[in-house]
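Colleague: Provided herewith is a single structure, encoded as structure tokens, for subsequent inquiry.
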Amino acid sequence: MIRRRDWSVAALAAVACAAAPRGWAAPAPVRVSLPAQTRLLTGEVLAAEAWAGQGLLVVFWATHCPFCQRHNAKLHQLVTALGAQAPRVLAVSSDRDPAVVQRYLKTHGYPFWVTLEAAAWQAALGVRRVLPTTVPINRQGQRGLVMPGEMFEEDLAELARWTQATPTG
């Protein structure tokens, strides 16, 4: 016996599928104005030239978020596997206490750039406060599709490829 709730979910899914246009493609990249500089957790000030002309994955996360922990572990594996072909990763923590973030990073050993300047990056990229959220920036400084939530390894790999692609035409 199918419950009423199950029927309504199936009906909504069917309507959503029927409403999606055929041949739908991801939205075109959007040119964004990234912060001119970012203070990293290490104290280093990173100028925009550090990522100019390179692919960049910006990941919004927090130490208390279990989804972020799994997401960042997958991202770490991907970056390690890609080696020199990997895009840069800027991990934007929403935590306020640098000591908490430093302990977390020491435990997990992530090789990412890490900043606590979440407000500036959220404003620059037009990102809602959903954790984790991954935003790809390609070599031309264009933002791709904002991806809220934990992602699969294949999806992270696709974002990494997109950041490194050279436009044709």
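Starting from 1 in every chain, residues are counted up; chains themselves are A, B, ... following the order of the structure tokens, and ligands are numbered from 1 as listed.
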Please list as a ChimeraX atom specification every residue within 7 Å of segment 44-58 of chain A, counting only C-alpha atoms and excluding residues in the same chain fewer than 6 positions away.
Modeller: /A:35-38,87-92,134-140,163-164
Colleague: Fewer than 6 positions away in the same chain doesn't count, so skip those; otherwise give me all residues within 10 Å of Thr80 of chain A, counting only C-alpha atoms, as a ChimeraX atom specification.
Modeller: /A:74,86,110-111
Colleague: Running DSSP on the backbone, which parts of segment 14-162 of chain A land in strand (DSSP E), as a PyMOL selection string?
Modeller: chain A and resi 30-31+37-39+45-47+56-61+88-93+113-115+133-137+142-143+147-148
Colleague: Residues near Ser33 of chain A, anyone? I mean within 9 Å using only C-alpha atoms, not counting same-chain ones fewer than 2 positions away, as a PyMOL selection string.
Modeller: chain A and resi 31+35-36+124-125+141-142
Colleague: Please determine, counting only C-alpha atoms, which residue among A:Leu78, A:Val32, A:Trp61, A:Phe67 has the shortest atom-to-atom distance to Asp155 of chain A.
Modeller: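 Checking each of A:Leu78, A:Val32, A:Trp61, A:Phe67 against Asp155 of chain A, counting only C-alpha atoms, the winner is A:Leu78.
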Colleague: Pick the closest to His76 of chain A from A:Leu116, A:Val101, A:Val146, A:Ala160: which is it, counting only C-alpha atoms?
Modeller: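 Using only C-alpha atoms, the shortest distance to His76 of chain A belongs to A:Ala160.
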Colleague: Atom CA of Trp121 of chain A and atom CA of Asp97 of chain A are how many Å apart?
Modeller: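 Distance reported for this atom pair: 17.8 Å.
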Colleague: For the atom pair atom CA of Ala118 of chain A and atom CA of Ser94 of chain A, what is the interatomic distance in Å to one decimal place?
Modeller: 5.8 Å
Colleague: Provide the atom CA of Trp113 of chain A to atom CA of Asn72 of chain A distance in Å, to one decimal place.
Modeller: 12.4 Å
Colleague: Pick from A:Lys106, A:Arg96, A:His71, A:Arg129: nearest to Met151 of chain A, with only C-alpha atoms counted?
Modeller: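 Smallest distance to Met151 of chain A is found for A:His71.
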Colleague: Which one is closest to Val100 of chain A: A:His64, A:Arg161, A:Arg39, A:Arg143? Count only C-alpha atoms.
Modeller: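 Closest residue, counting only C-alpha atoms: A:His64.
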Colleague: To test your reading of the structure, identify every residue in segment 102-152 of chain A that backbone DSSP assigns to helix (DSSP H, G or I), and report it as a list in words.
Modeller: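 Residues of segment 102-152 of chain A classed as helix (DSSP H, G or I): Gln102, Arg103, Tyr104, Leu105, Lys106, Thr107, His108, Ala118, Ala119, Ala120, Trp121, Gln122, Ala123, Ala124 and Leu125 of chain A.
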Colleague: Based on the selection just made, write C-alpha atoms of those residues as an mmCIF file, in the first residue's frame.
Modeller:
```cif
data_model
loop_
_atom_site.group_PDB
_atom_site.id
_atom_site.type_symbol
_atom_site.label_atom_id
_atom_site.label_comp_id
_atom_site.auth_asym_id
_atom_site.auth_seq_id
_atom_site.Cartn_x
_atom_site.Cartn_y
_atom_site.Cartn_z
ATOM 1 C CA GLN A 102 44.325 25.412 13.519
ATOM 2 C CA ARG A 103 43.774 22.347 15.729
ATOM 3 C CA TYR A 104 41.312 20.957 13.179
ATOM 4 C CA LEU A 105 43.752 21.485 10.305
ATOM 5 C CA LYS A 106 46.617 19.946 12.273
ATOM 6 C CA THR A 107 44.460 16.865 12.908
ATOM 7 C CA HIS A 108 43.402 16.488 9.264
ATOM 8 C CA ALA A 118 33.913 34.381 5.235
ATOM 9 C CA ALA A 119 31.807 37.550 4.905
ATOM 10 C CA ALA A 120 34.025 39.083 2.204
ATOM 11 C CA TRP A 121 34.115 35.880 0.154
ATOM 12 C CA GLN A 122 30.381 35.211 0.535
ATOM 13 C CA ALA A 123 29.624 38.735 -0.681
ATOM 14 C CA ALA A 124 32.056 38.485 -3.605
ATOM 15 C CA LEU A 125 30.666 35.157 -4.804
#
```
